file start22.cif (mmCIF, C-alpha atoms and all ligand atoms)
data_upload
loop_
_atom_site.group_PDB
_atom_site.id
_atom_site.type_symbol
_atom_site.label_atom_id
_atom_site.label_comp_id
_atom_site.auth_asym_id
_atom_site.auth_seq_id
_atom_site.Cartn_x
_atom_site.Cartn_y
_atom_site.Cartn_z
ATOM 1 C CA MET K 1 39.118 11.045 45.748
ATOM 2 C CA THR K 2 36.817 10.799 42.764
ATOM 3 C CA ASP K 3 34.976 13.777 41.348
ATOM 4 C CA CYS K 4 32.181 11.565 40.053
ATOM 5 C CA ILE K 5 28.849 12.511 41.644
ATOM 6 C CA PHE K 6 27.383 9.036 41.211
ATOM 7 C CA CYS K 7 30.425 7.440 42.914
ATOM 8 C CA LYS K 8 29.813 9.896 45.772
ATOM 9 C CA ILE K 9 26.148 8.863 45.885
ATOM 10 C CA ILE K 10 27.213 5.207 46.193
ATOM 11 C CA THR K 11 29.519 6.001 49.121
ATOM 12 C CA GLY K 12 26.892 8.260 50.740
ATOM 13 C CA ASP K 13 29.025 11.411 50.447
ATOM 14 C CA ILE K 14 26.152 12.863 48.406
ATOM 15 C CA PRO K 15 22.710 11.976 49.797
ATOM 16 C CA SER K 16 20.197 10.102 47.649
ATOM 17 C CA THR K 17 16.901 8.289 48.024
ATOM 18 C CA LYS K 18 17.987 4.671 47.763
ATOM 19 C CA VAL K 19 15.562 2.196 46.224
ATOM 20 C CA TYR K 20 17.788 -0.889 46.000
ATOM 21 C CA GLU K 21 21.382 -1.908 46.554
ATOM 22 C CA ASP K 22 23.426 -5.065 46.287
ATOM 23 C CA GLU K 23 27.110 -5.902 45.893
ATOM 24 C CA LEU K 24 27.177 -4.866 42.229
ATOM 25 C CA MET K 25 24.634 -2.079 41.767
ATOM 26 C CA TYR K 26 22.902 0.892 43.369
ATOM 27 C CA VAL K 27 19.460 2.281 42.502
ATOM 28 C CA PHE K 28 18.039 5.655 43.514
ATOM 29 C CA ASN K 29 15.463 8.266 42.564
ATOM 30 C CA ASP K 30 16.441 10.821 39.923
ATOM 31 C CA ILE K 31 16.663 14.265 41.527
ATOM 32 C CA ASN K 32 14.757 15.803 38.590
ATOM 33 C CA PRO K 33 12.177 13.156 37.664
ATOM 34 C CA LYS K 34 10.844 13.122 34.091
ATOM 35 C CA ALA K 35 7.981 10.748 34.989
ATOM 36 C CA ASN K 36 6.024 9.602 38.054
ATOM 37 C CA VAL K 37 8.684 6.958 38.578
ATOM 38 C CA HIS K 38 12.222 7.822 37.491
ATOM 39 C CA LEU K 39 14.998 5.630 38.849
ATOM 40 C CA LEU K 40 18.694 5.639 38.041
ATOM 41 C CA VAL K 41 20.317 2.214 38.001
ATOM 42 C CA ILE K 42 24.103 2.308 38.243
ATOM 43 C CA PRO K 43 26.999 -0.115 38.678
ATOM 44 C CA LYS K 44 29.016 0.353 41.871
ATOM 45 C CA GLN K 45 32.130 0.073 39.756
ATOM 46 C CA HIS K 46 32.902 3.356 37.992
ATOM 47 C CA ILE K 47 32.332 2.795 34.282
ATOM 48 C CA ALA K 48 31.966 6.125 32.494
ATOM 49 C CA ARG K 49 29.734 5.210 29.562
ATOM 50 C CA LEU K 50 28.101 2.364 27.703
ATOM 51 C CA ASP K 51 30.821 2.425 25.045
ATOM 52 C CA HIS K 52 33.475 1.886 27.730
ATOM 53 C CA LEU K 53 32.096 -1.541 28.587
ATOM 54 C CA GLU K 54 34.409 -4.504 28.136
ATOM 55 C CA GLN K 55 33.877 -8.240 27.875
ATOM 56 C CA SER K 56 34.762 -8.535 31.561
ATOM 57 C CA HIS K 57 31.605 -6.552 32.409
ATOM 58 C CA GLN K 58 29.222 -9.103 30.901
ATOM 59 C CA GLN K 59 28.056 -10.558 34.180
ATOM 60 C CA LEU K 60 27.630 -7.128 35.779
ATOM 61 C CA ILE K 61 25.498 -5.795 32.926
ATOM 62 C CA ALA K 62 23.395 -8.937 32.750
ATOM 63 C CA HIS K 63 22.827 -8.675 36.487
ATOM 64 C CA MET K 64 21.656 -5.052 36.166
ATOM 65 C CA LEU K 65 19.329 -5.733 33.231
ATOM 66 C CA LEU K 66 17.797 -8.786 34.847
ATOM 67 C CA LYS K 67 16.996 -6.738 37.950
ATOM 68 C CA LEU K 68 15.005 -4.073 36.031
ATOM 69 C CA PRO K 69 11.589 -5.819 35.899
ATOM 70 C CA GLU K 70 11.727 -6.485 39.630
ATOM 71 C CA LEU K 71 12.627 -2.841 40.306
ATOM 72 C CA ALA K 72 9.769 -1.655 38.072
ATOM 73 C CA LYS K 73 7.303 -3.904 39.913
ATOM 74 C CA SER K 74 8.562 -2.615 43.264
ATOM 75 C CA GLN K 75 7.568 0.880 42.082
ATOM 76 C CA GLY K 76 4.070 -0.236 41.102
ATOM 77 C CA LEU K 77 4.800 -0.317 37.360
ATOM 78 C CA ASP K 78 2.701 -3.386 36.561
ATOM 79 C CA ASN K 79 1.935 -2.291 33.026
ATOM 80 C CA GLY K 80 5.447 -1.812 31.669
ATOM 81 C CA PHE K 81 8.211 0.722 31.848
ATOM 82 C CA ARG K 82 10.798 2.578 29.743
ATOM 83 C CA THR K 83 14.570 2.287 29.943
ATOM 84 C CA ILE K 84 17.034 4.803 28.491
ATOM 85 C CA ILE K 85 20.836 4.891 28.380
ATOM 86 C CA ASN K 86 22.355 8.133 27.117
ATOM 87 C CA THR K 87 25.897 7.771 25.836
ATOM 88 C CA GLY K 88 28.325 10.663 25.445
ATOM 89 C CA PRO K 89 27.573 14.267 24.472
ATOM 90 C CA GLY K 90 25.892 13.090 21.266
ATOM 91 C CA GLY K 91 23.466 11.026 23.332
ATOM 92 C CA GLY K 92 22.799 13.728 25.910
ATOM 93 C CA GLN K 93 24.759 12.058 28.713
ATOM 94 C CA GLU K 94 25.384 14.591 31.493
ATOM 95 C CA VAL K 95 26.851 12.395 34.215
ATOM 96 C CA ASP K 96 29.867 10.318 33.200
ATOM 97 C CA HIS K 97 29.013 7.232 35.230
ATOM 98 C CA LEU K 98 27.034 4.633 33.294
ATOM 99 C CA HIS K 99 23.365 4.735 34.284
ATOM 100 C CA ILE K 100 20.113 3.214 33.126
ATOM 101 C CA HIS K 101 17.074 5.475 33.426
ATOM 102 C CA LEU K 102 13.991 3.466 34.438
ATOM 103 C CA LEU K 103 10.815 5.483 33.859
ATOM 104 C CA GLY K 104 7.121 4.824 34.139
ATOM 105 C CA GLY K 105 3.755 5.753 35.525
ATOM 106 C CA LYS K 106 1.085 8.132 34.365
ATOM 107 C CA ASN K 107 1.816 10.798 31.747
ATOM 108 C CA LEU K 108 4.808 9.084 30.202
ATOM 109 C CA PRO K 109 5.087 10.954 26.897
ATOM 110 C CA GLY K 110 5.445 9.244 23.551
ATOM 111 C CA PHE K 111 8.973 8.781 22.279
ATOM 112 C CA HIS K 112 9.310 9.925 18.658
HETATM 113 P P1 LIG C 201 22.025 11.791 31.811
HETATM 114 O O1 LIG C 201 21.562 13.056 31.140
HETATM 115 O O2 LIG C 201 23.493 11.802 32.109
HETATM 116 O O3 LIG C 201 21.580 10.550 31.083
HETATM 117 O O4 LIG C 201 21.229 11.734 33.169
HETATM 118 C C1 LIG C 201 21.733 12.202 34.367
HETATM 119 C C2 LIG C 201 20.585 12.193 35.348
HETATM 120 O O5 LIG C 201 21.119 12.341 36.646
HETATM 121 C C3 LIG C 201 19.585 13.337 35.146
HETATM 122 O O6 LIG C 201 18.281 12.796 34.920
HETATM 123 C C4 LIG C 201 19.670 14.134 36.439
HETATM 124 O O7 LIG C 201 18.413 14.615 36.877
HETATM 125 C C5 LIG C 201 20.256 13.131 37.414
HETATM 126 N N1 LIG C 201 21.090 13.711 38.475
HETATM 127 C C6 LIG C 201 22.111 14.606 38.313
HETATM 128 N N2 LIG C 201 22.669 14.901 39.496
HETATM 129 C C7 LIG C 201 21.991 14.176 40.432
HETATM 130 C C8 LIG C 201 22.111 14.064 41.856
HETATM 131 O O8 LIG C 201 22.959 14.682 42.502
HETATM 132 N N3 LIG C 201 21.237 13.229 42.485
HETATM 133 C C9 LIG C 201 20.275 12.524 41.794
HETATM 134 N N4 LIG C 201 19.474 11.725 42.521
HETATM 135 N N5 LIG C 201 20.153 12.600 40.451
HETATM 136 C C10 LIG C 201 20.988 13.416 39.778
HETATM 137 ZN ZN ZN C 202 31.517 7.159 39.132
#

call {"tool": "encode", "arguments": {"input": "start22.cif", "output": "structure tokens", "more": "lines below"}}
Ligand code: 5GP
Ligand code: ZN
result
Amino acid sequence: MTDCIFCKIITGDIPSTKVYEDELMYVFNDINPKANVHLLVIPKQHIARLDHLEQSHQQLIAHMLLKLPELAKSQGLDNGFRTIINTGPGGGQEVDHLHIHLLGGKNLPGFH
């Protein structure tokens, strides 16, 4: 049994507000949103961090990235959106299951 909270969200052992799901990825609302819209986009396969990706993950990552504009539109973000991937302690990553933050809406602060 995994201790990973995002793996438990995928299996439903931890509840989440699902926005989208397919065979490769799962998308849900961040529990502590930093913007009007704050989604977390994760692979169903447990990959801990961006720097653990391998060549064999190419198709998976391309699939996730290509889905982002559609997800943003589904949340009413017609004017653009922000994506963030934190990697490791130096990047502020708190959950060790690769995730793309998708943020947007009113009051999105500048990023300096
Ligand atoms: P990180 O800092 O690792 O890039 O981001 C982790 C994100 O996961 C944070 O924005 C945090 O609010 C979110 N998060 C942590 N635990 C849970 C949870 O149990 N459910 C949901 N929906 N989000 C979570
Ligand atoms: Zn996991």

call {"tool": "resolve_selection", "arguments": {"input": "start22.cif", "expression": "the PyMOL selection byres (((chain K and resi 44) around 7) and not hetatm)", "output": "PyMOL selection string"}}
result
chain K and resi 10+24-26+42-43+45-46

call {"tool": "atom_distance", "arguments": {"input": "start22.cif", "atom1": "atom CA of K:Val27", "atom2": "atom CA of K:Thr2"}}
result
19.3 Å

call {"tool": "residues_near_ligand", "arguments": {"input": "start22.cif", "ligand": "ligand LIG 201 (chain C)", "cutoff": "7 Å", "atoms": "all atoms listed in the file", "output": "number ranges by chain"}}
result
K: 5, 14, 16-17, 28-33, 85-86, 92-96, 99

call {"tool": "write_last_selection", "arguments": {"input": "start22.cif", "atoms": "C-alpha atoms", "output": "mmCIF file, keeping the file's coordinate frame"}}
result
data_model
loop_
_atom_site.group_PDB
_atom_site.id
_atom_site.type_symbol
_atom_site.label_atom_id
_atom_site.label_comp_id
_atom_site.auth_asym_id
_atom_site.auth_seq_id
_atom_site.Cartn_x
_atom_site.Cartn_y
_atom_site.Cartn_z
ATOM 1 C CA ILE K 5 28.849 12.511 41.644
ATOM 2 C CA ILE K 14 26.152 12.863 48.406
ATOM 3 C CA SER K 16 20.197 10.102 47.649
ATOM 4 C CA THR K 17 16.901 8.289 48.024
ATOM 5 C CA PHE K 28 18.039 5.655 43.514
ATOM 6 C CA ASN K 29 15.463 8.266 42.564
ATOM 7 C CA ASP K 30 16.441 10.821 39.923
ATOM 8 C CA ILE K 31 16.663 14.265 41.527
ATOM 9 C CA ASN K 32 14.757 15.803 38.590
ATOM 10 C CA PRO K 33 12.177 13.156 37.664
ATOM 11 C CA ILE K 85 20.836 4.891 28.380
ATOM 12 C CA ASN K 86 22.355 8.133 27.117
ATOM 13 C CA GLY K 92 22.799 13.728 25.910
ATOM 14 C CA GLN K 93 24.759 12.058 28.713
ATOM 15 C CA GLU K 94 25.384 14.591 31.493
ATOM 16 C CA VAL K 95 26.851 12.395 34.215
ATOM 17 C CA ASP K 96 29.867 10.318 33.200
ATOM 18 C CA HIS K 99 23.365 4.735 34.284
#

call {"tool": "axis_aligned_box", "arguments": {"input": "start22.cif", "around": "stretch 30-48 of chain K", "padding_each_side": "8 Å", "output": "JSON"}}
result
{"center_x": 19.5, "center_y": 7.8, "center_z": 37.2, "size_x": 42.9, "size_y": 31.9, "size_z": 25.4}

call {"tool": "closest_residue", "arguments": {"input": "start22.cif", "among": "K:Ala62, K:Leu71, K:Leu77, K:Leu50", "to": "K:Gly91", "atoms": "all atoms listed in the file"}}
result
K:Leu50

call {"tool": "atom_distance", "arguments": {"input": "start22.cif", "atom1": "atom CA of K:Ser74", "atom2": "atom CA of K:Val19"}}
result
9.0 Å

call {"tool": "residues_near_ligand", "arguments": {"input": "start22.cif", "ligand": "ligand ZN 202 (chain C)", "cutoff": "6 Å", "atoms": "only C-alpha atoms and all ligand atoms", "output": "MDAnalysis selection string"}}
result
chainID K and resid 4 6:7 46 97

call {"tool": "residues_around", "arguments": {"input": "start22.cif", "residues": "K:Gly80", "least_positions_apart": "4", "cutoff": "10 Å", "atoms": "only C-alpha atoms", "output": "VMD selection string"}}
result
chain K and resid 69 72 to 73 76 103 to 105

call {"tool": "atom_distance", "arguments": {"input": "start22.cif", "atom1": "atom CA of K:Thr11", "atom2": "atom CA of K:His52"}}
result
22.1 Å

call {"tool": "closest_residue", "arguments": {"input": "start22.cif", "among": "K:Gly90, K:Glu23, K:Arg82, K:His38", "to": "K:Gly110", "atoms": "all atoms listed in the file"}}
result
K:Arg82

call {"tool": "resolve_selection", "arguments": {"input": "start22.cif", "expression": "the PyMOL selection byres (((chain K and resi 101) around 6) and not hetatm)", "output": "list in words"}}
result
Leu39, Leu40, Thr83, Ile84, Ile100 and Leu102 of chain K

call {"tool": "closest_residue", "arguments": {"input": "start22.cif", "among": "K:Arg49, K:Gln55, K:Lys67, K:Ile61", "to": "K:Leu98", "atoms": "all atoms listed in the file"}}
result
K:Arg49

call {"tool": "residues_around", "arguments": {"input": "start22.cif", "residues": "K:Asn107", "least_positions_apart": "4", "cutoff": "10 Å", "atoms": "only C-alpha atoms", "output": "list in words"}}
result
Lys34, Ala35 and Asn36 of chain K

call {"tool": "closest_residue", "arguments": {"input": "start22.cif", "among": "K:Leu60, K:Leu68, K:Val37, K:Ile47", "to": "K:Tyr20", "atoms": "all atoms listed in the file"}}
result
K:Leu68

call {"tool": "decode", "arguments": {"input": "start22.cif", "residues": "stretch 39-64 of chain K", "atoms": "N, CA and C atoms", "output": "PDB file, in the first residue's frame"}}
result
ATOM      1  N   LEU K  39      -6.037  24.013 -10.349  1.00  0.00           N
ATOM      2  CA  LEU K  39      -6.134  22.567 -10.574  1.00  0.00           C
ATOM      3  C   LEU K  39      -4.775  21.922 -10.359  1.00  0.00           C
ATOM      4  N   LEU K  40      -4.801  20.651 -10.017  1.00  0.00           N
ATOM      5  CA  LEU K  40      -3.595  19.820  -9.999  1.00  0.00           C
ATOM      6  C   LEU K  40      -3.771  18.738 -11.044  1.00  0.00           C
ATOM      7  N   VAL K  41      -2.797  18.637 -11.923  1.00  0.00           N
ATOM      8  CA  VAL K  41      -2.838  17.698 -13.046  1.00  0.00           C
ATOM      9  C   VAL K  41      -1.755  16.661 -12.797  1.00  0.00           C
ATOM     10  N   ILE K  42      -2.147  15.408 -12.630  1.00  0.00           N
ATOM     11  CA  ILE K  42      -1.164  14.390 -12.234  1.00  0.00           C
ATOM     12  C   ILE K  42      -1.263  13.147 -13.121  1.00  0.00           C
ATOM     13  N   PRO K  43      -0.127  12.477 -13.321  1.00  0.00           N
ATOM     14  CA  PRO K  43      -0.161  11.183 -14.011  1.00  0.00           C
ATOM     15  C   PRO K  43      -0.714  10.112 -13.074  1.00  0.00           C
ATOM     16  N   LYS K  44      -1.432   9.147 -13.616  1.00  0.00           N
ATOM     17  CA  LYS K  44      -1.918   8.045 -12.768  1.00  0.00           C
ATOM     18  C   LYS K  44      -0.758   7.178 -12.288  1.00  0.00           C
ATOM     19  N   GLN K  45       0.242   7.076 -13.127  1.00  0.00           N
ATOM     20  CA  GLN K  45       1.458   6.354 -12.752  1.00  0.00           C
ATOM     21  C   GLN K  45       2.212   7.176 -11.714  1.00  0.00           C
ATOM     22  N   HIS K  46       2.692   6.536 -10.654  1.00  0.00           N
ATOM     23  CA  HIS K  46       3.452   7.279  -9.645  1.00  0.00           C
ATOM     24  C   HIS K  46       4.840   7.605 -10.171  1.00  0.00           C
ATOM     25  N   ILE K  47       5.044   8.884 -10.453  1.00  0.00           N
ATOM     26  CA  ILE K  47       6.373   9.418 -10.783  1.00  0.00           C
ATOM     27  C   ILE K  47       6.599  10.522  -9.755  1.00  0.00           C
ATOM     28  N   ALA K  48       7.680  10.450  -9.005  1.00  0.00           N
ATOM     29  CA  ALA K  48       7.823  11.329  -7.841  1.00  0.00           C
ATOM     30  C   ALA K  48       8.030  12.792  -8.228  1.00  0.00           C
ATOM     31  N   ARG K  49       8.877  13.035  -9.222  1.00  0.00           N
ATOM     32  CA  ARG K  49       9.235  14.425  -9.524  1.00  0.00           C
ATOM     33  C   ARG K  49       9.611  14.557 -10.985  1.00  0.00           C
ATOM     34  N   LEU K  50       9.647  15.797 -11.433  1.00  0.00           N
ATOM     35  CA  LEU K  50       9.967  16.067 -12.839  1.00  0.00           C
ATOM     36  C   LEU K  50      11.328  15.486 -13.222  1.00  0.00           C
ATOM     37  N   ASP K  51      12.290  15.546 -12.295  1.00  0.00           N
ATOM     38  CA  ASP K  51      13.626  15.049 -12.634  1.00  0.00           C
ATOM     39  C   ASP K  51      13.750  13.531 -12.452  1.00  0.00           C
ATOM     40  N   HIS K  52      12.629  12.857 -12.279  1.00  0.00           N
ATOM     41  CA  HIS K  52      12.602  11.388 -12.323  1.00  0.00           C
ATOM     42  C   HIS K  52      12.030  10.882 -13.631  1.00  0.00           C
ATOM     43  N   LEU K  53      11.667  11.801 -14.524  1.00  0.00           N
ATOM     44  CA  LEU K  53      11.089  11.382 -15.801  1.00  0.00           C
ATOM     45  C   LEU K  53      12.142  10.681 -16.639  1.00  0.00           C
ATOM     46  N   GLU K  54      11.678   9.708 -17.428  1.00  0.00           N
ATOM     47  CA  GLU K  54      12.558   8.974 -18.327  1.00  0.00           C
ATOM     48  C   GLU K  54      12.017   9.079 -19.751  1.00  0.00           C
ATOM     49  N   GLN K  55      12.845   8.658 -20.691  1.00  0.00           N
ATOM     50  CA  GLN K  55      12.429   8.717 -22.099  1.00  0.00           C
ATOM     51  C   GLN K  55      11.104   7.991 -22.320  1.00  0.00           C
ATOM     52  N   SER K  56      10.884   6.924 -21.561  1.00  0.00           N
ATOM     53  CA  SER K  56       9.664   6.131 -21.740  1.00  0.00           C
ATOM     54  C   SER K  56       8.398   6.896 -21.344  1.00  0.00           C
ATOM     55  N   HIS K  57       8.569   8.055 -20.685  1.00  0.00           N
ATOM     56  CA  HIS K  57       7.408   8.846 -20.271  1.00  0.00           C
ATOM     57  C   HIS K  57       7.014   9.917 -21.286  1.00  0.00           C
ATOM     58  N   GLN K  58       7.703   9.947 -22.419  1.00  0.00           N
ATOM     59  CA  GLN K  58       7.470  11.022 -23.389  1.00  0.00           C
ATOM     60  C   GLN K  58       6.005  11.178 -23.762  1.00  0.00           C
ATOM     61  N   GLN K  59       5.391  10.063 -24.106  1.00  0.00           N
ATOM     62  CA  GLN K  59       4.011  10.113 -24.587  1.00  0.00           C
ATOM     63  C   GLN K  59       3.068  10.581 -23.477  1.00  0.00           C
ATOM     64  N   LEU K  60       3.309  10.095 -22.269  1.00  0.00           N
ATOM     65  CA  LEU K  60       2.495  10.473 -21.111  1.00  0.00           C
ATOM     66  C   LEU K  60       2.565  11.979 -20.869  1.00  0.00           C
ATOM     67  N   ILE K  61       3.777  12.521 -20.867  1.00  0.00           N
ATOM     68  CA  ILE K  61       3.943  13.948 -20.576  1.00  0.00           C
ATOM     69  C   ILE K  61       3.358  14.799 -21.687  1.00  0.00           C
ATOM     70  N   ALA K  62       3.565  14.379 -22.918  1.00  0.00           N
ATOM     71  CA  ALA K  62       2.975  15.117 -24.043  1.00  0.00           C
ATOM     72  C   ALA K  62       1.453  15.107 -23.926  1.00  0.00           C
ATOM     73  N   HIS K  63       0.908  13.988 -23.564  1.00  0.00           N
ATOM     74  CA  HIS K  63      -0.543  13.863 -23.399  1.00  0.00           C
ATOM     75  C   HIS K  63      -1.047  14.843 -22.333  1.00  0.00           C
ATOM     76  N   MET K  64      -0.340  14.922 -21.210  1.00  0.00           N
ATOM     77  CA  MET K  64      -0.759  15.820 -20.124  1.00  0.00           C
ATOM     78  C   MET K  64      -0.664  17.284 -20.554  1.00  0.00           C
TER      79      MET K  64
END
